[in-house]
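Shown below: entry33.cif, with mmCIF, C-alpha atoms (C1' of nucleotides).
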```cif
data_start
#
loop_
_atom_site.group_PDB
_atom_site.id
_atom_site.type_symbol
_atom_site.label_atom_id
_atom_site.label_comp_id
_atom_site.auth_asym_id
_atom_site.auth_seq_id
_atom_site.Cartn_x
_atom_site.Cartn_y
_atom_site.Cartn_z
ATOM 1 C CA MET Y 171 75.965 -157.403 -117.260
ATOM 2 C CA ARG Y 172 77.274 -160.900 -117.681
ATOM 3 C CA TYR Y 173 79.146 -161.948 -120.798
ATOM 4 C CA LEU Y 174 79.917 -165.416 -122.077
ATOM 5 C CA GLY Y 175 82.722 -166.713 -124.234
ATOM 6 C CA ILE Y 176 81.994 -169.351 -126.837
ATOM 7 C CA GLY Y 177 83.181 -172.183 -124.619
ATOM 8 C CA GLU Y 178 81.000 -171.229 -121.703
ATOM 9 C CA LEU Y 179 77.979 -170.616 -123.910
ATOM 10 C CA SER Y 180 78.564 -173.951 -125.591
ATOM 11 C CA ARG Y 181 78.635 -175.814 -122.276
ATOM 12 C CA THR Y 182 75.643 -173.893 -120.938
ATOM 13 C CA VAL Y 183 73.325 -174.584 -123.850
ATOM 14 C CA GLY Y 184 74.723 -177.904 -125.034
ATOM 15 C CA VAL Y 185 75.564 -176.728 -128.538
ATOM 16 C CA ARG Y 186 78.985 -177.221 -130.068
ATOM 17 C CA ALA Y 187 81.187 -174.193 -130.449
ATOM 18 C CA SER Y 188 81.491 -174.881 -134.153
ATOM 19 C CA ALA Y 189 77.707 -174.657 -134.445
ATOM 20 C CA LEU Y 190 77.646 -171.375 -132.514
ATOM 21 C CA ARG Y 191 80.263 -169.922 -134.838
ATOM 22 C CA TYR Y 192 78.256 -171.125 -137.823
ATOM 23 C CA TRP Y 193 75.093 -169.561 -136.427
ATOM 24 C CA GLU Y 194 76.823 -166.262 -135.796
ATOM 25 C CA GLU Y 195 78.137 -166.283 -139.349
ATOM 26 C CA ARG Y 196 74.592 -166.844 -140.594
ATOM 27 C CA GLY Y 197 73.205 -163.976 -138.550
ATOM 28 C CA LEU Y 198 71.433 -165.964 -135.841
ATOM 29 C CA LEU Y 199 73.648 -164.856 -133.000
ATOM 30 C CA PRO Y 200 74.592 -161.240 -133.612
ATOM 31 C CA GLY Y 201 75.671 -158.915 -130.881
ATOM 32 C CA ALA Y 202 78.848 -160.818 -130.182
ATOM 33 C CA ARG Y 203 81.474 -158.279 -129.222
ATOM 34 C CA ARG Y 204 85.120 -159.150 -129.633
ATOM 35 C CA GLU Y 205 87.391 -159.007 -126.636
ATOM 36 C CA ALA Y 206 90.964 -159.568 -127.639
ATOM 37 C CA GLY Y 207 89.625 -161.101 -130.846
ATOM 38 C CA ARG Y 208 87.308 -163.534 -129.093
ATOM 39 C CA ARG Y 209 83.529 -163.710 -129.301
ATOM 40 C CA VAL Y 210 81.734 -162.567 -126.182
ATOM 41 C CA TRP Y 211 77.947 -162.665 -125.970
ATOM 42 C CA PRO Y 212 75.634 -161.025 -123.467
ATOM 43 C CA ALA Y 213 73.875 -163.474 -121.167
ATOM 44 C CA GLY Y 214 70.662 -163.139 -123.206
ATOM 45 C CA ALA Y 215 72.279 -165.289 -125.863
ATOM 46 C CA VAL Y 216 71.382 -168.337 -123.788
ATOM 47 C CA ARG Y 217 67.681 -167.644 -124.237
ATOM 48 C CA ARG Y 218 68.281 -166.861 -127.857
ATOM 49 C CA VAL Y 219 69.923 -170.209 -128.453
ATOM 50 C CA ALA Y 220 66.945 -171.922 -126.830
ATOM 51 C CA LEU Y 221 64.678 -170.074 -129.253
ATOM 52 C CA ILE Y 222 66.806 -171.132 -132.191
ATOM 53 C CA ARG Y 223 66.704 -174.784 -131.203
ATOM 54 C CA MET Y 224 62.966 -174.627 -130.714
ATOM 55 C CA ALA Y 225 62.426 -173.091 -134.118
ATOM 56 C CA GLN Y 226 64.738 -175.632 -135.708
ATOM 57 C CA ARG Y 227 62.737 -178.492 -134.269
ATOM 58 C CA ALA Y 228 59.614 -176.857 -135.632
ATOM 59 C CA GLY Y 229 61.054 -177.148 -139.125
ATOM 60 C CA PHE Y 230 62.349 -173.622 -139.682
ATOM 61 C CA THR Y 231 65.469 -173.160 -141.773
ATOM 62 C CA LEU Y 232 68.342 -171.163 -140.335
ATOM 63 C CA ALA Y 233 67.602 -168.348 -142.782
ATOM 64 C CA GLU Y 234 64.012 -168.132 -141.570
ATOM 65 C CA ILE Y 235 65.079 -168.148 -137.950
ATOM 66 C CA ALA Y 236 67.569 -165.391 -138.687
ATOM 67 C CA ALA Y 237 64.772 -163.354 -140.248
ATOM 68 C CA LEU Y 238 62.446 -163.942 -137.288
ATOM 69 C CA LEU Y 239 65.127 -162.975 -134.798
ATOM 70 C CA ASN Y 240 66.231 -159.978 -136.779
ATOM 71 C CA ASP Y 241 67.089 -157.037 -134.583
ATOM 72 C CA ASP Y 242 66.716 -154.513 -137.357
ATOM 73 C CA THR Y 243 64.006 -152.082 -136.299
ATOM 74 C CA SER Y 244 63.711 -150.171 -139.564
ATOM 75 C CA PRO Y 245 60.162 -149.953 -140.988
ATOM 76 C CA GLY Y 246 61.049 -152.244 -143.895
ATOM 77 C CA ALA Y 247 62.488 -154.909 -141.649
ATOM 78 C CA THR Y 248 59.469 -154.744 -139.364
ATOM 79 C CA ARG Y 249 57.113 -155.233 -142.301
ATOM 80 C CA GLN Y 250 59.121 -158.203 -143.500
ATOM 81 C CA TRP Y 251 59.069 -159.623 -139.999
ATOM 82 C CA ARG Y 252 55.275 -159.380 -139.896
ATOM 83 C CA GLU Y 253 54.900 -160.969 -143.311
ATOM 84 C CA LEU Y 254 57.144 -163.866 -142.445
ATOM 85 C CA ALA Y 255 55.434 -164.418 -139.111
ATOM 86 C CA ALA Y 256 51.983 -164.241 -140.680
ATOM 87 C CA ARG Y 257 53.029 -166.778 -143.291
ATOM 88 C CA LYS Y 258 54.569 -169.046 -140.703
ATOM 89 C CA LEU Y 259 51.651 -169.192 -138.258
ATOM 90 C CA PRO Y 260 49.409 -171.415 -140.394
ATOM 91 C CA GLU Y 261 52.421 -173.575 -141.198
ATOM 92 C CA LEU Y 262 53.019 -174.044 -137.488
ATOM 93 C CA ASP Y 263 49.343 -174.899 -136.972
ATOM 94 C CA GLU Y 264 49.488 -177.450 -139.744
ATOM 95 C CA HIS Y 265 52.689 -178.857 -138.331
ATOM 96 C CA ILE Y 266 51.168 -179.209 -134.861
ATOM 97 C CA ALA Y 267 48.022 -180.849 -136.203
ATOM 98 C CA GLN Y 268 49.986 -183.382 -138.234
ATOM 99 C CA THR Y 269 52.283 -184.247 -135.379
ATOM 100 C CA GLN Y 270 49.290 -184.730 -133.099
ATOM 101 C CA ALA Y 271 47.674 -186.987 -135.690
ATOM 102 C CA LEU Y 272 50.830 -189.039 -135.889
ATOM 103 C CA ARG Y 273 51.085 -189.233 -132.126
ATOM 104 C CA ARG Y 274 47.514 -190.446 -131.895
ATOM 105 C CA ALA Y 275 48.139 -193.011 -134.605
ATOM 106 C CA VAL Y 276 51.233 -194.404 -132.926
ATOM 107 C CA ALA Y 277 49.546 -194.530 -129.525
ATOM 108 C CA ASP Y 278 46.398 -196.181 -130.878
ATOM 109 C CA CYS Y 279 48.439 -198.699 -132.790
ATOM 110 C CA MET Y 280 50.397 -199.595 -129.677
ATOM 111 C CA ALA Y 281 47.191 -199.929 -127.684
ATOM 112 C CA CYS Y 282 45.492 -202.146 -130.232
ATOM 113 C CA GLY Y 283 48.197 -204.744 -129.934
ATOM 114 C CA CYS Y 284 48.799 -205.208 -133.615
ATOM 115 C CA MET Y 285 52.280 -205.321 -134.988
ATOM 116 C CA ASN Y 286 51.813 -203.541 -138.241
ATOM 117 C CA PHE Y 287 51.425 -199.815 -138.140
ATOM 118 C CA ASP Y 288 50.484 -199.730 -141.770
ATOM 119 C CA GLN Y 289 47.455 -201.969 -141.536
ATOM 120 C CA CYS Y 290 46.158 -201.005 -138.139
ATOM 121 C CA VAL Y 291 44.270 -198.041 -136.783
ATOM 122 C CA LEU Y 292 44.747 -195.948 -139.865
ATOM 123 C CA LEU Y 293 42.787 -198.432 -141.893
ATOM 124 C CA THR Y 294 39.733 -197.304 -139.945
ATOM 125 C CA PRO Y 295 36.899 -196.842 -142.425
ATOM 126 C CA SER Y 296 36.355 -193.302 -141.149
ATOM 127 C CA GLY Y 297 39.193 -192.457 -143.476
ATOM 128 C CA GLU Y 298 40.772 -190.037 -141.061
ATOM 129 C CA ALA Y 299 44.240 -188.520 -140.975
ATOM 130 C CA PRO Y 300 45.974 -190.060 -143.990
ATOM 131 C CA MET K 120 43.004 -204.986 -156.279
ATOM 132 C CA ARG K 121 44.380 -201.823 -157.806
ATOM 133 C CA TYR K 122 48.061 -201.420 -158.544
ATOM 134 C CA LEU K 123 50.024 -198.275 -159.262
ATOM 135 C CA GLY K 124 53.198 -197.688 -161.230
ATOM 136 C CA ILE K 125 55.745 -195.214 -159.987
ATOM 137 C CA GLY K 126 54.524 -192.442 -162.281
ATOM 138 C CA GLU K 127 50.912 -192.733 -161.193
ATOM 139 C CA LEU K 128 51.855 -192.969 -157.525
ATOM 140 C CA SER K 129 54.116 -189.951 -157.916
ATOM 141 C CA ARG K 130 51.350 -187.840 -159.431
ATOM 142 C CA THR K 131 48.779 -189.053 -156.913
ATOM 143 C CA VAL K 132 50.789 -188.245 -153.821
ATOM 144 C CA GLY K 133 52.871 -185.348 -155.099
ATOM 145 C CA VAL K 134 56.229 -186.958 -154.439
ATOM 146 C CA ARG K 135 58.909 -187.210 -157.098
ATOM 147 C CA ALA K 136 59.584 -190.603 -158.586
ATOM 148 C CA SER K 137 63.230 -190.327 -157.580
ATOM 149 C CA ALA K 138 62.131 -189.935 -153.957
ATOM 150 C CA LEU K 139 59.815 -192.952 -154.201
ATOM 151 C CA ARG K 140 62.660 -195.053 -155.580
ATOM 152 C CA TYR K 141 64.906 -193.810 -152.790
ATOM 153 C CA TRP K 142 62.284 -194.645 -150.168
ATOM 154 C CA GLU K 143 61.809 -198.125 -151.566
ATOM 155 C CA GLU K 144 65.561 -198.675 -151.480
ATOM 156 C CA ARG K 145 65.596 -197.599 -147.838
ATOM 157 C CA GLY K 146 62.784 -199.974 -146.917
ATOM 158 C CA LEU K 147 59.963 -197.449 -146.542
ATOM 159 C CA LEU K 148 57.918 -198.661 -149.469
ATOM 160 C CA PRO K 149 58.272 -202.424 -149.620
ATOM 161 C CA GLY K 150 55.739 -204.662 -151.271
ATOM 162 C CA ALA K 151 56.500 -203.288 -154.700
ATOM 163 C CA ARG K 152 56.143 -206.172 -157.107
ATOM 164 C CA ARG K 153 57.942 -206.011 -160.403
ATOM 165 C CA GLU K 154 55.900 -206.332 -163.556
ATOM 166 C CA ALA K 155 58.187 -206.514 -166.532
ATOM 167 C CA GLY K 156 60.907 -204.987 -164.383
ATOM 168 C CA ARG K 157 58.785 -202.067 -163.227
ATOM 169 C CA ARG K 158 57.726 -201.230 -159.699
ATOM 170 C CA VAL K 159 54.045 -201.766 -159.034
ATOM 171 C CA TRP K 160 52.549 -200.955 -155.645
ATOM 172 C CA PRO K 161 49.179 -201.925 -154.212
ATOM 173 C CA ALA K 162 46.807 -198.985 -153.786
ATOM 174 C CA GLY K 163 47.534 -198.901 -150.039
ATOM 175 C CA ALA K 164 50.886 -197.350 -150.856
ATOM 176 C CA VAL K 165 49.119 -193.999 -151.222
ATOM 177 C CA ARG K 166 48.130 -194.037 -147.557
ATOM 178 C CA ARG K 167 51.574 -195.242 -146.667
ATOM 179 C CA VAL K 168 53.216 -192.334 -148.439
ATOM 180 C CA ALA K 169 50.949 -189.951 -146.528
ATOM 181 C CA LEU K 170 52.139 -191.564 -143.302
ATOM 182 C CA ILE K 171 55.757 -191.201 -144.326
ATOM 183 C CA ARG K 172 55.363 -187.513 -145.103
ATOM 184 C CA MET K 173 53.590 -186.934 -141.820
ATOM 185 C CA ALA K 174 56.347 -188.650 -139.882
ATOM 186 C CA GLN K 175 59.002 -186.743 -141.791
ATOM 187 C CA ARG K 176 57.417 -183.444 -140.860
ATOM 188 C CA ALA K 177 57.367 -184.617 -137.259
ATOM 189 C CA GLY K 178 61.142 -184.908 -137.378
ATOM 190 C CA PHE K 179 61.575 -188.639 -137.875
ATOM 191 C CA THR K 180 64.502 -189.859 -139.916
ATOM 192 C CA LEU K 181 63.843 -192.219 -142.805
ATOM 193 C CA ALA K 182 65.432 -195.060 -140.843
ATOM 194 C CA GLU K 183 63.046 -194.495 -137.950
ATOM 195 C CA ILE K 184 60.061 -194.345 -140.240
ATOM 196 C CA ALA K 185 61.158 -197.568 -141.898
ATOM 197 C CA ALA K 186 61.334 -199.202 -138.473
ATOM 198 C CA LEU K 187 57.878 -197.917 -137.507
ATOM 199 C CA LEU K 188 56.348 -199.106 -140.749
ATOM 200 C CA ASN K 189 58.095 -202.438 -140.626
ATOM 201 C CA ASP K 190 55.885 -205.248 -141.895
ATOM 202 C CA ASP K 191 57.871 -207.953 -140.191
ATOM 203 C CA THR K 192 55.500 -209.723 -137.824
ATOM 204 C CA SER K 193 58.076 -211.898 -136.066
ATOM 205 C CA PRO K 194 58.079 -211.646 -132.246
ATOM 206 C CA GLY K 195 61.446 -209.895 -132.250
ATOM 207 C CA ALA K 196 60.346 -207.303 -134.750
ATOM 208 C CA THR K 197 57.139 -206.679 -132.866
ATOM 209 C CA ARG K 198 59.065 -206.105 -129.659
ATOM 210 C CA GLN K 199 61.381 -203.683 -131.418
ATOM 211 C CA TRP K 200 58.383 -201.890 -132.872
ATOM 212 C CA ARG K 201 56.900 -201.455 -129.394
ATOM 213 C CA GLU K 202 60.171 -200.208 -127.977
ATOM 214 C CA LEU K 203 60.682 -197.682 -130.743
ATOM 215 C CA ALA K 204 57.092 -196.485 -130.499
ATOM 216 C CA ALA K 205 57.281 -196.213 -126.713
ATOM 217 C CA ARG K 206 60.470 -194.206 -126.999
ATOM 218 C CA LYS K 207 59.036 -191.978 -129.691
ATOM 219 C CA LEU K 208 55.792 -191.031 -127.955
ATOM 220 C CA PRO K 209 57.338 -188.736 -125.349
ATOM 221 C CA GLU K 210 59.530 -187.249 -128.069
ATOM 222 C CA LEU K 211 56.419 -186.462 -130.071
ATOM 223 C CA ASP K 212 54.773 -184.915 -126.996
ATOM 224 C CA GLU K 213 57.823 -182.780 -126.380
ATOM 225 C CA HIS K 214 57.922 -181.785 -130.020
ATOM 226 C CA ILE K 215 54.251 -180.777 -129.970
ATOM 227 C CA ALA K 216 54.663 -178.780 -126.778
ATOM 228 C CA GLN K 217 57.680 -176.920 -128.114
ATOM 229 C CA THR K 218 56.029 -176.137 -131.405
ATOM 230 C CA GLN K 219 52.969 -174.854 -129.581
ATOM 231 C CA ALA K 220 55.177 -172.691 -127.406
ATOM 232 C CA LEU K 221 56.857 -171.269 -130.488
ATOM 233 C CA ARG K 222 53.519 -170.660 -132.157
ATOM 234 C CA ARG K 223 52.267 -168.825 -129.103
ATOM 235 C CA ALA K 224 55.430 -166.777 -128.948
ATOM 236 C CA VAL K 225 55.229 -165.739 -132.594
ATOM 237 C CA ALA K 226 51.526 -164.910 -132.338
ATOM 238 C CA ASP K 227 51.973 -162.914 -129.132
ATOM 239 C CA CYS K 228 54.908 -161.057 -130.561
ATOM 240 C CA MET K 229 52.899 -160.109 -133.645
ATOM 241 C CA ALA K 230 50.014 -158.958 -131.465
ATOM 242 C CA CYS K 231 52.165 -156.853 -129.185
ATOM 243 C CA GLY K 232 53.352 -154.726 -132.053
ATOM 244 C CA CYS K 233 57.028 -154.901 -131.252
ATOM 245 C CA MET K 234 59.529 -155.601 -133.947
ATOM 246 C CA ASN K 235 62.024 -157.663 -132.060
ATOM 247 C CA PHE K 236 61.109 -161.253 -131.390
ATOM 248 C CA ASP K 237 64.090 -161.679 -129.157
ATOM 249 C CA GLN K 238 63.221 -158.969 -126.649
ATOM 250 C CA CYS K 239 59.461 -159.253 -126.668
ATOM 251 C CA VAL K 240 57.051 -161.693 -125.164
ATOM 252 C CA LEU K 241 59.698 -164.203 -124.231
ATOM 253 C CA LEU K 242 61.280 -161.757 -121.887
ATOM 254 C CA THR K 243 58.231 -162.175 -119.664
ATOM 255 C CA PRO K 244 59.489 -162.553 -116.094
ATOM 256 C CA SER K 245 57.478 -165.751 -115.693
ATOM 257 C CA GLY K 246 60.443 -167.324 -117.390
ATOM 258 C CA GLU K 247 58.299 -169.623 -119.498
ATOM 259 C CA ALA K 248 59.124 -171.571 -122.595
ATOM 260 C CA PRO K 249 62.802 -170.850 -123.216
ATOM 261 C "C1'" DG S 109 111.352 -168.474 -122.838
ATOM 262 C "C1'" DT S 110 107.992 -171.919 -123.659
ATOM 263 C "C1'" DC S 111 104.165 -174.627 -122.535
ATOM 264 C "C1'" DG S 112 99.293 -175.420 -122.450
ATOM 265 C "C1'" DT S 113 94.722 -173.770 -123.111
ATOM 266 C "C1'" DG S 114 91.286 -171.627 -125.405
ATOM 267 C "C1'" DC S 115 90.197 -169.224 -128.696
ATOM 268 C "C1'" DT S 116 90.688 -167.370 -133.995
ATOM 269 C "C1'" DT S 117 90.059 -167.974 -139.399
ATOM 270 C "C1'" DC S 118 89.777 -170.647 -143.446
ATOM 271 C "C1'" DA S 119 89.104 -174.572 -146.255
ATOM 272 C "C1'" DA S 120 87.614 -178.942 -146.818
ATOM 273 C "C1'" DG S 121 84.645 -182.790 -145.679
ATOM 274 C "C1'" DC S 122 80.442 -185.320 -144.162
ATOM 275 C "C1'" DG S 123 75.634 -187.290 -143.616
ATOM 276 C "C1'" DC S 124 71.078 -186.903 -145.005
ATOM 277 C "C1'" DG S 125 67.605 -186.676 -148.438
ATOM 278 C "C1'" DC S 126 67.085 -186.486 -152.316
ATOM 279 C "C1'" DG S 127 67.783 -184.563 -157.818
ATOM 280 C "C1'" DT S 128 69.995 -185.195 -162.319
ATOM 281 C "C1'" DG S 129 71.853 -187.186 -166.311
ATOM 282 C "C1'" DA S 130 73.294 -191.174 -169.151
ATOM 283 C "C1'" DA S 131 72.410 -195.450 -171.063
ATOM 284 C "C1'" DG S 132 69.562 -199.364 -171.436
ATOM 285 C "C1'" DT S 133 64.867 -202.101 -171.433
ATOM 286 C "C1'" DC S 134 60.161 -203.031 -172.450
ATOM 287 C "C1'" DA S 135 55.335 -202.505 -174.500
ATOM 288 C "C1'" DA S 136 52.539 -200.303 -177.531
ATOM 289 C "C1'" DC S 137 51.657 -198.082 -181.714
ATOM 290 C "C1'" DC S 138 52.458 -196.686 -186.592
ATOM 291 C "C1'" DG W 222 61.105 -202.448 -188.322
ATOM 292 C "C1'" DG W 223 61.258 -198.038 -186.099
ATOM 293 C "C1'" DT W 224 59.738 -194.728 -182.851
ATOM 294 C "C1'" DT W 225 57.827 -193.117 -178.634
ATOM 295 C "C1'" DG W 226 57.299 -192.946 -173.838
ATOM 296 C "C1'" DA W 227 57.493 -194.576 -169.424
ATOM 297 C "C1'" DC W 228 60.147 -196.960 -166.949
ATOM 298 C "C1'" DT W 229 64.931 -199.225 -165.210
ATOM 299 C "C1'" DT W 230 69.826 -198.955 -162.847
ATOM 300 C "C1'" DC W 231 73.935 -196.567 -161.691
ATOM 301 C "C1'" DA W 232 76.845 -192.905 -160.636
ATOM 302 C "C1'" DC W 233 77.499 -188.487 -159.573
ATOM 303 C "C1'" DG W 234 75.988 -183.866 -157.726
ATOM 304 C "C1'" DC W 235 73.744 -180.651 -154.559
ATOM 305 C "C1'" DG W 236 71.930 -177.881 -150.523
ATOM 306 C "C1'" DC W 237 71.675 -177.745 -145.709
ATOM 307 C "C1'" DG W 238 73.689 -177.822 -141.281
ATOM 308 C "C1'" DC W 239 77.108 -178.474 -139.416
ATOM 309 C "C1'" DT W 240 82.193 -180.920 -138.130
ATOM 310 C "C1'" DT W 241 87.006 -181.396 -138.595
ATOM 311 C "C1'" DG W 242 91.606 -180.171 -139.375
ATOM 312 C "C1'" DA W 243 95.411 -177.004 -139.975
ATOM 313 C "C1'" DA W 244 97.778 -173.006 -138.771
ATOM 314 C "C1'" DG W 245 98.021 -169.087 -135.886
ATOM 315 C "C1'" DC W 246 97.274 -165.696 -131.919
ATOM 316 C "C1'" DA W 247 96.585 -164.220 -126.795
ATOM 317 C "C1'" DC W 248 97.324 -165.101 -122.191
ATOM 318 C "C1'" DG W 249 98.606 -167.105 -117.759
ATOM 319 C "C1'" DA W 250 101.570 -170.516 -115.234
ATOM 320 C "C1'" DC W 251 105.976 -172.367 -114.748
#
```

Target format structure tokens, applied to this file:
Amino acid sequence: MRYLGIGELSRTVGVRASALRYWEERGLLPGARREAGRRVWPAGAVRRVALIRMAQRAGFTLAEIAALLNDDTSPGATRQWRELAARKLPELDEHIAQTQALRRAVADCMACGCMNFDQCVLLTPSGEAP
Amino acid sequence: MRYLGIGELSRTVGVRASALRYWEERGLLPGARREAGRRVWPAGAVRRVALIRMAQRAGFTLAEIAALLNDDTSPGATRQWRELAARKLPELDEHIAQTQALRRAVADCMACGCMNFDQCVLLTPSGEAP
DNA sequence: GTCGTGCTTCAAGCGCGCGTGAAGTCAACC
DNA sequence: GGTTGACTTCACGCGCGCTTGAAGCACGAC
């Protein structure tokens, strides 16, 4: 099994070492063994970091991400996981819908050739998104 | 034409007055006339606030939103608008795709009955999202 | 030995997006 | 005239997500 030090992980995933340390401290990157006092993660941490970044961009706080990624397999933790996930799914749907609406608005406004986002497509009498 | 004070606008859109003042200061809510020293916005500000919130949730900074909403109709400003919008569209697409991937991952992980997001669906050998 | 490199911890600081509190202004009402 | 209430500006504070700096340790090369 491959292991990565903080420098190598940092270069691999494009996240500063200080951020990785911060994430570990906050419980997002557990499973770091210490070899001669230094953090060493299994190779799976790369995928985990990708997950964290994805969730961050989707508007999750670090605490929420930590809860979603929680390795604790006790019944209580599993229940909490399910509750959090169930609560988050509609939020994600809403988030996706709103971002799509915004994307459509920006694209339409560019296409229509106007120069004022505020008074353009979204003024459509259909009274859509906003 | 209807005009709204900061209190009425705040209640209508569900945004604190302090935030509205901050947004005006940062150029996101221009067009506020002063009547006896008080901010008064045309009714269109309600739609504008909705736009701002939408863009915020999509990960835009206030400065970017201000640029997108810019009322300046000079040729230079229009060109800048187009450039910013053109740059932002692929970012929005990427953002939507990633959020959808995360949503799928969370939903699948809930469905599969495991209790460890990290070692569940995303371990699929297809090597998808992350 | 000692130098550099790459890590360690700990404390402090920073940028963003506001929130909060103090002190003053203005219009309306009693 | 006095009070009330909604506003004003200004300065400071706060939570989040890091970043930076200082001081120290481990290890290999010279």

Pull out every residue of chain W that has at least one atom within 8 Å of chain Y, counting all atoms listed in the file, and report them as number ranges by chain. W: 239-240, 247

Decode the PyMOL selection byres ((chain K) within 8 of (chain Y)) for the given file into explicit residues and return them as number ranges by chain. K: 166-167, 169-170, 173-174, 176-178, 187-192, 197, 200-201, 204, 208, 211-212, 214-215, 217-219, 221-222, 225-226, 229, 234-237, 249

Carefully work through the PyMOL selection byres ((chain S) within 10 of (chain K)) for this structure and note down the residues it includes, as a CSV table (one decimal) with C-alpha atoms (C1' of nucleotides), keeping the file's coordinate frame.
```csv
chain,number,residue,atom,x,y,z
S,124,DC,C1',71.1,-186.9,-145.0
S,125,DG,C1',67.6,-186.7,-148.4
S,126,DC,C1',67.1,-186.5,-152.3
S,127,DG,C1',67.8,-184.6,-157.8
S,128,DT,C1',70.0,-185.2,-162.3
S,133,DT,C1',64.9,-202.1,-171.4
S,134,DC,C1',60.2,-203.0,-172.4
S,135,DA,C1',55.3,-202.5,-174.5
```

I want to know what sits within 8 Å of Trp211 in chain Y, based on all atoms listed in the file, with residues of the same chain fewer than 2 positions away left out; could you give that as a PDB file with C-alpha atoms, in the coordinates of the input?
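selection-v1.pdb written:
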```
ATOM      1  CA  TYR Y 173      79.146-161.948-120.798  1.00  0.00           C
ATOM      2  CA  LEU Y 174      79.917-165.416-122.077  1.00  0.00           C
ATOM      3  CA  GLY Y 175      82.722-166.713-124.234  1.00  0.00           C
ATOM      4  CA  ILE Y 176      81.994-169.351-126.837  1.00  0.00           C
ATOM      5  CA  GLY Y 201      75.671-158.915-130.881  1.00  0.00           C
ATOM      6  CA  ALA Y 202      78.848-160.818-130.182  1.00  0.00           C
ATOM      7  CA  ARG Y 203      81.474-158.279-129.222  1.00  0.00           C
ATOM      8  CA  ARG Y 209      83.529-163.710-129.301  1.00  0.00           C
ATOM      9  CA  ALA Y 213      73.875-163.474-121.167  1.00  0.00           C
ATOM     10  CA  GLY Y 214      70.662-163.139-123.206  1.00  0.00           C
ATOM     11  CA  ALA Y 215      72.279-165.289-125.863  1.00  0.00           C
TER      12      ALA Y 215
END
```

Residues returned when the PyMOL selection byres ((chain W and resi 223) around 12) runs on this file, as a ChimeraX atom specification: /S:137-138 /W:222,224-225

Give me a file of those residues, with C-alpha atoms (C1' of nucleotides), as a PDB file, in the coordinates of the input.
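out_8.pdb, freshly written:
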```pdb
ATOM      1  C1'  DC S 137      51.657-198.082-181.714  1.00  0.00           C
ATOM      2  C1'  DC S 138      52.458-196.686-186.592  1.00  0.00           C
TER       3       DC S 138
ATOM      4  C1'  DG W 222      61.105-202.448-188.322  1.00  0.00           C
ATOM      5  C1'  DT W 224      59.738-194.728-182.851  1.00  0.00           C
ATOM      6  C1'  DT W 225      57.827-193.117-178.634  1.00  0.00           C
TER       7       DT W 225
END
```

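Here CA of Leu199 in chain Y stands at a distance of 20.9 Å from CA of Gly246 in chain Y.
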
For DA244 in chain W, work out the shell of residues within 12 Å, counting only C-alpha atoms (C1' of nucleotides) and skipping chain neighbours fewer than 5 positions away, then give it as a PyMOL selection string. chain S and resi 116-119

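As for CA of Val132 in chain K and CA of Pro149 in chain K, they are spaced 16.6 Å apart.
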
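Distance-wise, C1' of DA232 in chain W and C1' of DG129 in chain S end up 9.5 Å apart.
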
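Candidate residues W:DC233, W:DC246, W:DG226, W:DC251 were compared for distance to DG114 in chain S, and the nearest is W:DC246, using all atoms listed in the file.
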